[in-house]
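The data block below is coords.txt; it holds compact mmCIF, N, CA and C atoms.
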```
# COMPACT_ATOMS: atom_id res chain seq x y z
N MET A 1 152.72 92.91 11.57
CA MET A 1 152.39 94.30 11.78
C MET A 1 152.93 94.72 13.14
N THR A 2 153.75 95.75 13.19
CA THR A 2 154.32 96.21 14.45
C THR A 2 153.33 97.08 15.20
N ALA A 3 153.63 97.31 16.47
CA ALA A 3 152.72 98.08 17.33
C ALA A 3 152.53 99.51 16.83
N ASP A 4 153.52 100.08 16.17
CA ASP A 4 153.42 101.47 15.73
C ASP A 4 153.05 101.61 14.26
N MET A 5 152.84 100.50 13.56
CA MET A 5 152.54 100.58 12.14
C MET A 5 151.10 101.05 11.93
N PRO A 6 150.89 102.09 11.11
CA PRO A 6 149.52 102.53 10.86
C PRO A 6 148.76 101.51 10.01
N VAL A 7 147.44 101.53 10.17
CA VAL A 7 146.57 100.73 9.32
C VAL A 7 146.27 101.63 8.13
N ASP A 8 146.98 101.40 7.01
CA ASP A 8 146.85 102.26 5.85
C ASP A 8 145.50 102.07 5.17
N GLY A 9 145.04 103.11 4.53
CA GLY A 9 143.78 103.09 3.80
C GLY A 9 143.49 104.51 3.34
N PRO A 10 142.22 104.78 3.06
CA PRO A 10 141.91 106.15 2.62
C PRO A 10 142.38 107.19 3.64
N PHE A 11 142.29 106.84 4.91
CA PHE A 11 142.85 107.65 5.99
C PHE A 11 143.59 106.70 6.91
N ALA A 12 144.88 106.91 7.09
CA ALA A 12 145.65 106.03 7.98
C ALA A 12 145.12 106.12 9.39
N ILE A 13 145.04 104.97 10.05
CA ILE A 13 144.60 104.89 11.44
C ILE A 13 145.71 104.21 12.21
N LYS A 14 146.26 104.91 13.19
CA LYS A 14 147.30 104.31 14.02
C LYS A 14 146.62 103.73 15.26
N VAL A 15 146.91 102.47 15.55
CA VAL A 15 146.34 101.79 16.70
C VAL A 15 147.46 101.53 17.70
N THR A 16 147.31 102.07 18.90
CA THR A 16 148.33 101.93 19.93
C THR A 16 147.74 101.20 21.13
N THR A 17 148.46 100.23 21.61
CA THR A 17 148.03 99.49 22.80
C THR A 17 148.19 100.36 24.04
N THR A 18 147.18 100.31 24.90
CA THR A 18 147.24 100.98 26.20
C THR A 18 147.02 99.91 27.27
N PRO A 19 147.29 100.21 28.52
CA PRO A 19 147.09 99.19 29.56
C PRO A 19 145.66 98.64 29.62
N SER A 20 144.68 99.47 29.28
CA SER A 20 143.29 99.01 29.38
C SER A 20 142.63 98.73 28.04
N GLY A 21 143.36 98.84 26.94
CA GLY A 21 142.77 98.61 25.61
C GLY A 21 143.63 99.17 24.51
N CYS A 22 143.09 100.18 23.82
CA CYS A 22 143.87 100.80 22.74
C CYS A 22 143.41 102.22 22.50
N GLU A 23 144.21 102.93 21.73
CA GLU A 23 143.87 104.27 21.26
C GLU A 23 143.91 104.24 19.75
N LEU A 24 142.91 104.87 19.12
CA LEU A 24 142.88 105.01 17.68
C LEU A 24 143.29 106.43 17.33
N ASP A 25 144.37 106.58 16.60
CA ASP A 25 144.84 107.89 16.15
C ASP A 25 144.24 108.13 14.77
N VAL A 26 143.28 109.06 14.69
CA VAL A 26 142.61 109.37 13.43
C VAL A 26 142.99 110.77 12.95
N SER A 27 144.18 111.21 13.33
CA SER A 27 144.60 112.57 12.97
C SER A 27 144.68 112.78 11.47
N ALA A 28 145.00 111.74 10.69
CA ALA A 28 145.03 111.90 9.24
C ALA A 28 143.65 112.27 8.71
N PHE A 29 142.62 111.65 9.26
CA PHE A 29 141.24 112.00 8.88
C PHE A 29 140.93 113.43 9.28
N LEU A 30 141.30 113.80 10.50
CA LEU A 30 141.00 115.15 10.97
C LEU A 30 141.67 116.21 10.11
N VAL A 31 142.94 115.99 9.77
CA VAL A 31 143.67 116.97 8.97
C VAL A 31 143.08 117.08 7.57
N LYS A 32 142.90 115.93 6.91
CA LYS A 32 142.46 115.95 5.51
C LYS A 32 140.98 116.30 5.37
N ALA A 33 140.13 115.74 6.21
CA ALA A 33 138.70 115.90 6.01
C ALA A 33 138.12 117.07 6.79
N VAL A 34 138.59 117.30 7.99
CA VAL A 34 137.97 118.31 8.83
C VAL A 34 138.66 119.66 8.70
N PHE A 35 139.93 119.72 9.08
CA PHE A 35 140.60 121.01 9.12
C PHE A 35 140.80 121.63 7.74
N THR A 36 141.02 120.81 6.73
CA THR A 36 141.16 121.35 5.38
C THR A 36 139.88 122.04 4.94
N ASP A 37 138.73 121.43 5.24
CA ASP A 37 137.45 122.05 4.90
C ASP A 37 137.19 123.31 5.71
N LEU A 38 137.56 123.29 6.99
CA LEU A 38 137.40 124.49 7.81
C LEU A 38 138.28 125.64 7.30
N ILE A 39 139.50 125.30 6.93
CA ILE A 39 140.40 126.33 6.39
C ILE A 39 139.83 126.90 5.10
N ALA A 40 139.32 126.03 4.24
CA ALA A 40 138.72 126.50 2.98
C ALA A 40 137.53 127.42 3.27
N LYS A 41 136.68 127.04 4.24
CA LYS A 41 135.53 127.87 4.57
C LYS A 41 135.98 129.21 5.13
N SER A 42 137.04 129.21 5.95
CA SER A 42 137.51 130.46 6.52
C SER A 42 138.09 131.36 5.44
N ASP A 43 138.63 130.76 4.39
CA ASP A 43 139.16 131.55 3.27
C ASP A 43 138.02 132.16 2.46
N GLU A 44 136.94 131.41 2.29
CA GLU A 44 135.78 131.88 1.52
C GLU A 44 134.96 132.92 2.28
N ASP A 45 134.73 132.70 3.57
CA ASP A 45 133.86 133.56 4.36
C ASP A 45 134.38 133.66 5.79
N PRO A 46 135.49 134.36 6.00
CA PRO A 46 136.09 134.40 7.33
C PRO A 46 135.15 134.97 8.40
N GLU A 47 134.45 136.05 8.07
CA GLU A 47 133.55 136.67 9.06
C GLU A 47 132.41 135.72 9.42
N GLY A 48 131.86 135.03 8.42
CA GLY A 48 130.76 134.10 8.66
C GLY A 48 131.18 132.96 9.56
N LEU A 49 132.37 132.42 9.33
CA LEU A 49 132.86 131.32 10.16
C LEU A 49 133.10 131.79 11.59
N VAL A 50 133.69 132.96 11.76
CA VAL A 50 133.95 133.49 13.10
C VAL A 50 132.62 133.73 13.82
N GLU A 51 131.65 134.30 13.13
CA GLU A 51 130.33 134.52 13.74
C GLU A 51 129.69 133.20 14.16
N GLU A 52 129.78 132.20 13.29
CA GLU A 52 129.19 130.90 13.59
C GLU A 52 129.85 130.27 14.82
N LEU A 53 131.17 130.33 14.89
CA LEU A 53 131.87 129.76 16.04
C LEU A 53 131.61 130.55 17.32
N ALA A 54 131.52 131.88 17.22
CA ALA A 54 131.21 132.69 18.40
C ALA A 54 129.80 132.39 18.89
N ASP A 55 128.87 132.21 17.98
CA ASP A 55 127.50 131.84 18.35
C ASP A 55 127.48 130.49 19.04
N MET A 56 128.27 129.54 18.53
CA MET A 56 128.36 128.22 19.15
C MET A 56 128.95 128.32 20.56
N ALA A 57 129.93 129.19 20.75
CA ALA A 57 130.52 129.37 22.07
C ALA A 57 129.49 129.92 23.05
N GLN A 58 128.67 130.86 22.60
CA GLN A 58 127.61 131.40 23.45
C GLN A 58 126.58 130.31 23.80
N LEU A 59 126.20 129.51 22.82
CA LEU A 59 125.27 128.40 23.08
C LEU A 59 125.86 127.43 24.10
N LEU A 60 127.14 127.13 23.96
CA LEU A 60 127.79 126.21 24.90
C LEU A 60 127.78 126.77 26.31
N ARG A 61 128.11 128.05 26.46
CA ARG A 61 128.08 128.67 27.79
C ARG A 61 126.68 128.57 28.38
N SER A 62 125.66 128.88 27.59
CA SER A 62 124.28 128.80 28.06
C SER A 62 123.91 127.36 28.42
N ALA A 63 124.32 126.42 27.59
CA ALA A 63 124.00 125.01 27.83
C ALA A 63 124.62 124.53 29.13
N VAL A 64 125.85 124.93 29.39
CA VAL A 64 126.52 124.52 30.63
C VAL A 64 125.79 125.12 31.83
N HIS A 65 125.41 126.37 31.70
CA HIS A 65 124.74 127.06 32.81
C HIS A 65 123.32 126.53 33.03
N GLN A 66 122.58 126.25 31.95
CA GLN A 66 121.17 125.87 32.06
C GLN A 66 120.95 124.38 32.28
N GLY A 67 121.92 123.57 31.95
CA GLY A 67 121.78 122.14 32.20
C GLY A 67 121.53 121.31 30.96
N ARG A 68 121.52 119.98 31.19
CA ARG A 68 121.47 118.99 30.10
C ARG A 68 120.19 119.04 29.27
N ASP A 69 119.08 119.40 29.85
CA ASP A 69 117.82 119.34 29.12
C ASP A 69 117.32 120.73 28.72
N SER A 70 118.21 121.68 28.62
CA SER A 70 117.81 123.04 28.26
C SER A 70 117.69 123.20 26.75
N HIS A 71 116.98 124.24 26.36
CA HIS A 71 116.86 124.56 24.93
C HIS A 71 118.25 124.84 24.35
N ALA A 72 119.08 125.54 25.10
CA ALA A 72 120.43 125.86 24.62
C ALA A 72 121.22 124.59 24.35
N ARG A 73 121.11 123.59 25.24
CA ARG A 73 121.84 122.33 25.08
C ARG A 73 121.37 121.60 23.82
N HIS A 74 120.05 121.55 23.63
CA HIS A 74 119.53 120.87 22.44
C HIS A 74 119.93 121.58 21.15
N GLU A 75 119.88 122.91 21.18
CA GLU A 75 120.28 123.66 19.98
C GLU A 75 121.78 123.50 19.73
N TYR A 76 122.58 123.55 20.79
CA TYR A 76 124.02 123.36 20.64
C TYR A 76 124.31 121.99 20.04
N ASP A 77 123.69 120.94 20.59
CA ASP A 77 123.90 119.58 20.09
C ASP A 77 123.50 119.46 18.62
N GLU A 78 122.38 120.06 18.26
CA GLU A 78 121.91 120.00 16.87
C GLU A 78 122.88 120.73 15.93
N ARG A 79 123.34 121.89 16.35
CA ARG A 79 124.28 122.65 15.50
C ARG A 79 125.64 121.98 15.43
N MET A 80 126.07 121.36 16.53
CA MET A 80 127.34 120.61 16.48
C MET A 80 127.22 119.45 15.50
N GLN A 81 126.09 118.75 15.51
CA GLN A 81 125.89 117.65 14.58
C GLN A 81 125.91 118.16 13.14
N GLN A 82 125.35 119.34 12.90
CA GLN A 82 125.40 119.93 11.56
C GLN A 82 126.85 120.20 11.14
N LEU A 83 127.67 120.70 12.07
CA LEU A 83 129.08 120.94 11.76
C LEU A 83 129.81 119.62 11.51
N VAL A 84 129.52 118.62 12.31
CA VAL A 84 130.14 117.30 12.12
C VAL A 84 129.74 116.74 10.75
N ASP A 85 128.47 116.89 10.41
CA ASP A 85 128.01 116.42 9.10
C ASP A 85 128.71 117.17 7.96
N GLU A 86 128.83 118.49 8.11
CA GLU A 86 129.42 119.32 7.05
C GLU A 86 130.92 119.11 6.90
N PHE A 87 131.64 119.06 8.02
CA PHE A 87 133.10 119.05 7.95
C PHE A 87 133.74 117.69 8.20
N ALA A 88 132.99 116.75 8.78
CA ALA A 88 133.62 115.48 9.15
C ALA A 88 132.82 114.28 8.67
N GLY A 89 132.12 114.44 7.57
CA GLY A 89 131.41 113.30 6.99
C GLY A 89 130.48 112.60 7.96
N GLY A 90 129.86 113.36 8.85
CA GLY A 90 128.96 112.78 9.82
C GLY A 90 129.67 112.05 10.94
N GLY A 91 130.98 112.20 11.03
CA GLY A 91 131.75 111.53 12.07
C GLY A 91 132.17 110.12 11.69
N LEU A 92 131.93 109.75 10.46
CA LEU A 92 132.27 108.40 10.00
C LEU A 92 133.59 108.44 9.23
N ILE A 93 134.51 107.58 9.61
CA ILE A 93 135.79 107.48 8.93
C ILE A 93 135.72 106.28 8.00
N PRO A 94 135.92 106.48 6.71
CA PRO A 94 135.82 105.34 5.80
C PRO A 94 136.96 104.34 5.99
N VAL A 95 136.60 103.09 6.15
CA VAL A 95 137.55 101.98 6.27
C VAL A 95 137.02 100.90 5.34
N TYR A 96 137.78 100.54 4.31
CA TYR A 96 137.28 99.54 3.38
C TYR A 96 138.43 98.77 2.74
N GLY A 97 138.05 97.72 2.04
CA GLY A 97 139.03 96.89 1.37
C GLY A 97 139.97 96.23 2.36
N SER A 98 141.22 96.15 1.99
CA SER A 98 142.20 95.46 2.82
C SER A 98 142.46 96.19 4.14
N GLN A 99 142.11 97.48 4.22
CA GLN A 99 142.29 98.21 5.47
C GLN A 99 141.40 97.61 6.57
N VAL A 100 140.23 97.12 6.22
CA VAL A 100 139.34 96.50 7.19
C VAL A 100 140.04 95.30 7.85
N GLY A 101 140.67 94.46 7.03
CA GLY A 101 141.37 93.29 7.56
C GLY A 101 142.55 93.68 8.43
N ARG A 102 143.31 94.69 8.01
CA ARG A 102 144.46 95.12 8.81
C ARG A 102 144.01 95.70 10.15
N LEU A 103 142.92 96.46 10.13
CA LEU A 103 142.39 97.01 11.38
C LEU A 103 141.89 95.88 12.28
N ARG A 104 141.18 94.91 11.70
CA ARG A 104 140.72 93.75 12.46
C ARG A 104 141.90 93.02 13.10
N ASP A 105 142.95 92.77 12.31
CA ASP A 105 144.10 92.04 12.81
C ASP A 105 144.79 92.81 13.94
N ARG A 106 144.91 94.10 13.78
CA ARG A 106 145.58 94.92 14.80
C ARG A 106 144.77 94.91 16.09
N LEU A 107 143.44 95.07 15.97
CA LEU A 107 142.59 95.07 17.16
C LEU A 107 142.55 93.69 17.81
N ALA A 108 142.55 92.63 16.99
CA ALA A 108 142.57 91.26 17.54
C ALA A 108 143.85 91.02 18.32
N ALA A 109 144.97 91.52 17.82
CA ALA A 109 146.24 91.35 18.53
C ALA A 109 146.21 92.08 19.87
N ILE A 110 145.58 93.24 19.90
CA ILE A 110 145.49 94.00 21.15
C ILE A 110 144.53 93.31 22.11
N ALA A 111 143.44 92.75 21.60
CA ALA A 111 142.42 92.13 22.45
C ALA A 111 142.84 90.77 22.98
N ALA A 112 143.85 90.15 22.36
CA ALA A 112 144.29 88.82 22.81
C ALA A 112 144.81 88.91 24.24
N PRO A 113 144.48 87.91 25.05
CA PRO A 113 144.98 87.92 26.44
C PRO A 113 146.51 88.01 26.46
N ARG A 114 147.01 88.80 27.35
CA ARG A 114 148.46 88.93 27.50
C ARG A 114 148.78 89.00 28.99
N PRO A 115 149.95 88.55 29.36
CA PRO A 115 150.29 88.52 30.78
C PRO A 115 150.40 89.92 31.35
N VAL A 116 150.01 90.04 32.59
CA VAL A 116 150.16 91.29 33.32
C VAL A 116 151.58 91.32 33.86
N PRO A 117 152.30 92.45 33.75
CA PRO A 117 153.71 92.49 34.18
C PRO A 117 153.91 91.97 35.60
N ALA A 118 153.04 92.27 36.53
CA ALA A 118 153.21 91.79 37.90
C ALA A 118 153.13 90.28 37.97
N GLN A 119 152.27 89.67 37.16
CA GLN A 119 152.16 88.22 37.12
C GLN A 119 153.43 87.60 36.54
N GLN A 120 154.01 88.23 35.52
CA GLN A 120 155.25 87.72 34.94
C GLN A 120 156.36 87.74 35.97
N ASP A 121 156.44 88.81 36.77
CA ASP A 121 157.49 88.91 37.80
C ASP A 121 157.35 87.81 38.83
N ARG A 122 156.12 87.47 39.21
CA ARG A 122 155.91 86.42 40.23
C ARG A 122 156.31 85.05 39.68
N ARG A 123 156.02 84.81 38.40
CA ARG A 123 156.37 83.52 37.79
C ARG A 123 157.88 83.37 37.66
N ALA A 124 158.58 84.48 37.45
CA ALA A 124 160.03 84.43 37.26
C ALA A 124 160.75 84.13 38.58
N SER A 125 160.09 84.45 39.71
CA SER A 125 160.79 84.23 40.98
C SER A 125 160.61 82.86 41.55
```
Structure translated into structure tokens:
Amino acid sequence: MTADMPVDGPFAIKVTTTPSGCELDVSAFLVKAVFTDLIAKSDEDPEGLVEELADMAQLLRSAVHQGRDSHARHEYDERMQQLVDEFAGGGLIPVYGSQVGRLRDRLAAIAAPRPVPAQQDRRAS
């Protein structure tokens, strides 16, 4: 499996090595599960969706102004969770079957100890 090869499955997950770990690219999930449903909702009830998002923006402004333990913050968090549940399957990306093994293998390869470039340079000299 190459560094850029996606972990195929119900939603492809691209795993990219970073200096401190990895990044999981779940854009396939976002496009298919989240944005497609949002687009469909906007087609069915555009005014309702705009009102809902504007209300959420107002709650967010209030939450930022009032602080972490404010009523606005709790209501915002609760409504965001409702949106995540409705449009993003509760925030859970399904990974099953052989995709689980491929994801495990990719993450294991990233987690394996590897030389730091500066250490390699010192050994070469």
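Reported to one decimal place, the separation of atom N of A:Ile110 from atom CA of A:Val95 is 18.1 Å.
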Next item on the list: State, in Å with one decimal place, the distance from atom CA of A:Gly67 to atom CA of A:Leu83.
Entry: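 Atom CA of A:Leu83 lies at a distance of 21.7 Å from atom CA of A:Gly67.
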Margin query: Using only C-alpha atoms for the distances, tell me which of A:Asp105, A:Asp37, A:Glu23, A:Glu86 is nearest to A:Val7.
Written below: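 Among A:Asp105, A:Asp37, A:Glu23, A:Glu86, it is A:Asp105 that comes nearest to A:Val7.
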Next item on the list: Return as number ranges by chain the full set of residues in chain A whose backbone-based DSSP assignment is helix (DSSP H, G or I).
Entry: A: 27-44, 46-66, 71-87, 89-91, 98-111, 117-124
Give the strand (DSSP E) residues of chain A, as DSSP finds them on the backbone, and put them as an mmCIF file with N, CA and C atoms, in the coordinates of the input.
```cif
data_model
loop_
_atom_site.group_PDB
_atom_site.id
_atom_site.type_symbol
_atom_site.label_atom_id
_atom_site.label_comp_id
_atom_site.auth_asym_id
_atom_site.auth_seq_id
_atom_site.Cartn_x
_atom_site.Cartn_y
_atom_site.Cartn_z
ATOM 1 N N LYS A 14 146.260 104.910 13.190
ATOM 2 C CA LYS A 14 147.300 104.310 14.020
ATOM 3 C C LYS A 14 146.620 103.730 15.260
ATOM 4 N N VAL A 15 146.910 102.470 15.550
ATOM 5 C CA VAL A 15 146.340 101.790 16.700
ATOM 6 C C VAL A 15 147.460 101.530 17.700
ATOM 7 N N THR A 16 147.310 102.070 18.900
ATOM 8 C CA THR A 16 148.330 101.930 19.930
ATOM 9 C C THR A 16 147.740 101.200 21.130
ATOM 10 N N THR A 17 148.460 100.230 21.610
ATOM 11 C CA THR A 17 148.030 99.490 22.800
ATOM 12 C C THR A 17 148.190 100.360 24.040
ATOM 13 N N THR A 18 147.180 100.310 24.900
ATOM 14 C CA THR A 18 147.240 100.980 26.200
ATOM 15 C C THR A 18 147.020 99.910 27.270
ATOM 16 N N GLY A 21 143.360 98.840 26.940
ATOM 17 C CA GLY A 21 142.770 98.610 25.610
ATOM 18 C C GLY A 21 143.630 99.170 24.510
ATOM 19 N N CYS A 22 143.090 100.180 23.820
ATOM 20 C CA CYS A 22 143.870 100.800 22.740
ATOM 21 C C CYS A 22 143.410 102.220 22.500
ATOM 22 N N GLU A 23 144.210 102.930 21.730
ATOM 23 C CA GLU A 23 143.870 104.270 21.260
ATOM 24 C C GLU A 23 143.910 104.240 19.750
ATOM 25 N N LEU A 24 142.910 104.870 19.120
ATOM 26 C CA LEU A 24 142.880 105.010 17.680
ATOM 27 C C LEU A 24 143.290 106.430 17.330
ATOM 28 N N ASP A 25 144.370 106.580 16.600
ATOM 29 C CA ASP A 25 144.840 107.890 16.150
ATOM 30 C C ASP A 25 144.240 108.130 14.770
#
```
Note to self: Report, in Å with one decimal, the straight-line distance from atom CA of A:Arg114 to atom CA of A:Ile13.
What the structure shows: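 These two atoms are separated by 23.0 Å.
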Check: Pick the closest to A:Val116 from A:Glu47, A:Pro19, A:Ala54, A:Arg79: which is it, counting only C-alpha atoms?
Finding: A:Pro19
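Take the candidates A:Pro115, A:Gly21, A:Gly9, A:Pro46 and check each one against A:Gln99 using only C-alpha atoms; the shortest distance goes to A:Gly9.
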Item checked: Spatial neighbours of stretch 56-64 of chain A, 6 Å, only C-alpha atoms, chain gap at least 4 places, as JSON, numbers by chain -> {"A": [72, 73, 76]}
List as a short mmCIF file (atom, residue, chain, number, x, y, z; two decimals) with N, CA and C atoms, in the frame of the given file the residues having at least one atom at most 8 Å from position (144.2, 104.0, 16.1) as given in the file, counting all atoms listed in the file.
```
data_model
loop_
_atom_site.label_atom_id
_atom_site.label_comp_id
_atom_site.auth_asym_id
_atom_site.auth_seq_id
_atom_site.Cartn_x
_atom_site.Cartn_y
_atom_site.Cartn_z
N PRO A 6 150.89 102.09 11.11
CA PRO A 6 149.52 102.53 10.86
C PRO A 6 148.76 101.51 10.01
N VAL A 7 147.44 101.53 10.17
CA VAL A 7 146.57 100.73 9.32
C VAL A 7 146.27 101.63 8.13
N ALA A 12 144.88 106.91 7.09
CA ALA A 12 145.65 106.03 7.98
C ALA A 12 145.12 106.12 9.39
N ILE A 13 145.04 104.97 10.05
CA ILE A 13 144.60 104.89 11.44
C ILE A 13 145.71 104.21 12.21
N LYS A 14 146.26 104.91 13.19
CA LYS A 14 147.30 104.31 14.02
C LYS A 14 146.62 103.73 15.26
N VAL A 15 146.91 102.47 15.55
CA VAL A 15 146.34 101.79 16.70
C VAL A 15 147.46 101.53 17.70
N THR A 16 147.31 102.07 18.90
CA THR A 16 148.33 101.93 19.93
C THR A 16 147.74 101.20 21.13
N THR A 17 148.46 100.23 21.61
CA THR A 17 148.03 99.49 22.80
C THR A 17 148.19 100.36 24.04
N CYS A 22 143.09 100.18 23.82
CA CYS A 22 143.87 100.80 22.74
C CYS A 22 143.41 102.22 22.50
N GLU A 23 144.21 102.93 21.73
CA GLU A 23 143.87 104.27 21.26
C GLU A 23 143.91 104.24 19.75
N LEU A 24 142.91 104.87 19.12
CA LEU A 24 142.88 105.01 17.68
C LEU A 24 143.29 106.43 17.33
N ASP A 25 144.37 106.58 16.60
CA ASP A 25 144.84 107.89 16.15
C ASP A 25 144.24 108.13 14.77
N VAL A 26 143.28 109.06 14.69
CA VAL A 26 142.61 109.37 13.43
C VAL A 26 142.99 110.77 12.95
N SER A 27 144.18 111.21 13.33
CA SER A 27 144.60 112.57 12.97
C SER A 27 144.68 112.78 11.47
#
```
Check: Hey, what's within 9 Å of A:Ile93 if we count only C-alpha atoms and toss same-chain stuff fewer than 5 positions away? As a PyMOL selection string, please?
Finding: chain A and resi 10-11+26+29+88
Checklist line | Residue among A:Met80, A:Pro113, A:Lys32, A:Asp8 lying closest to A:Leu53, counting only C-alpha atoms | finding: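 Closest candidate: A:Met80.
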Output as a tab-separated table (two decimals), in the coordinates of the input: stretch 68-76 of chain A, completed with all heavy atoms.
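File produced: result-v2.tsv:
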```tsv
chain	number	residue	atom	x	y	z
A	68	ARG	N	121.52	119.98	31.19
A	68	ARG	CA	121.47	118.99	30.10
A	68	ARG	C	120.19	119.04	29.27
A	68	ARG	O	120.21	118.69	28.10
A	68	ARG	CB	121.61	117.59	30.68
A	68	ARG	CG	122.93	117.32	31.32
A	68	ARG	CD	122.93	115.97	31.97
A	68	ARG	NE	122.56	114.93	31.01
A	68	ARG	CZ	123.24	113.83	30.80
A	68	ARG	NH1	124.30	113.60	31.51
A	68	ARG	NH2	122.84	112.95	29.92
A	69	ASP	N	119.08	119.40	29.85
A	69	ASP	CA	117.82	119.34	29.12
A	69	ASP	C	117.32	120.73	28.72
A	69	ASP	O	116.13	120.92	28.48
A	69	ASP	CB	116.76	118.61	29.96
A	69	ASP	CG	115.63	118.07	29.10
A	69	ASP	OD1	115.89	117.76	27.91
A	69	ASP	OD2	114.49	118.00	29.60
A	70	SER	N	118.21	121.68	28.62
A	70	SER	CA	117.81	123.04	28.26
A	70	SER	C	117.69	123.20	26.75
A	70	SER	O	118.23	122.41	25.97
A	70	SER	CB	118.84	124.04	28.79
A	70	SER	OG	120.07	123.87	28.11
A	71	HIS	N	116.98	124.24	26.36
A	71	HIS	CA	116.86	124.56	24.93
A	71	HIS	C	118.25	124.84	24.35
A	71	HIS	O	118.56	124.39	23.24
A	71	HIS	CB	115.94	125.79	24.74
A	71	HIS	CG	115.94	126.29	23.33
A	71	HIS	ND1	115.32	125.61	22.30
A	71	HIS	CD2	116.51	127.38	22.77
A	71	HIS	CE1	115.49	126.27	21.17
A	71	HIS	NE2	116.21	127.35	21.43
A	72	ALA	N	119.08	125.54	25.10
A	72	ALA	CA	120.43	125.86	24.62
A	72	ALA	C	121.22	124.59	24.35
A	72	ALA	O	121.94	124.48	23.36
A	72	ALA	CB	121.16	126.75	25.62
A	73	ARG	N	121.11	123.59	25.24
A	73	ARG	CA	121.84	122.33	25.08
A	73	ARG	C	121.37	121.60	23.82
A	73	ARG	O	122.18	121.11	23.04
A	73	ARG	CB	121.64	121.45	26.32
A	73	ARG	CG	122.24	120.08	26.22
A	73	ARG	CD	123.61	120.11	25.59
A	73	ARG	NE	124.66	119.65	26.37
A	73	ARG	CZ	125.97	119.93	26.17
A	73	ARG	NH1	126.41	120.71	25.37
A	73	ARG	NH2	126.91	119.45	26.79
A	74	HIS	N	120.05	121.55	23.63
A	74	HIS	CA	119.53	120.87	22.44
A	74	HIS	C	119.93	121.58	21.15
A	74	HIS	O	120.30	120.94	20.17
A	74	HIS	CB	118.00	120.72	22.54
A	74	HIS	CG	117.56	119.81	23.64
A	74	HIS	ND1	117.88	118.47	23.68
A	74	HIS	CD2	116.85	120.05	24.78
A	74	HIS	CE1	117.38	117.92	24.77
A	74	HIS	NE2	116.75	118.87	25.46
A	75	GLU	N	119.88	122.91	21.18
A	75	GLU	CA	120.28	123.66	19.98
A	75	GLU	C	121.78	123.50	19.73
A	75	GLU	O	122.21	123.32	18.58
A	75	GLU	CB	119.92	125.14	20.12
A	75	GLU	CG	120.22	125.91	18.85
A	75	GLU	CD	119.77	127.36	18.88
A	75	GLU	OE1	118.99	127.74	19.77
A	75	GLU	OE2	120.23	128.11	17.99
A	76	TYR	N	122.58	123.55	20.79
A	76	TYR	CA	124.02	123.36	20.64
A	76	TYR	C	124.31	121.99	20.04
A	76	TYR	O	125.08	121.86	19.09
A	76	TYR	CB	124.71	123.51	22.00
A	76	TYR	CG	126.19	123.20	21.95
A	76	TYR	CD1	127.09	124.15	21.49
A	76	TYR	CD2	126.67	121.96	22.33
A	76	TYR	CE1	128.45	123.87	21.43
A	76	TYR	CE2	128.03	121.66	22.27
A	76	TYR	CZ	128.90	122.63	21.82
A	76	TYR	OH	130.24	122.33	21.75
```
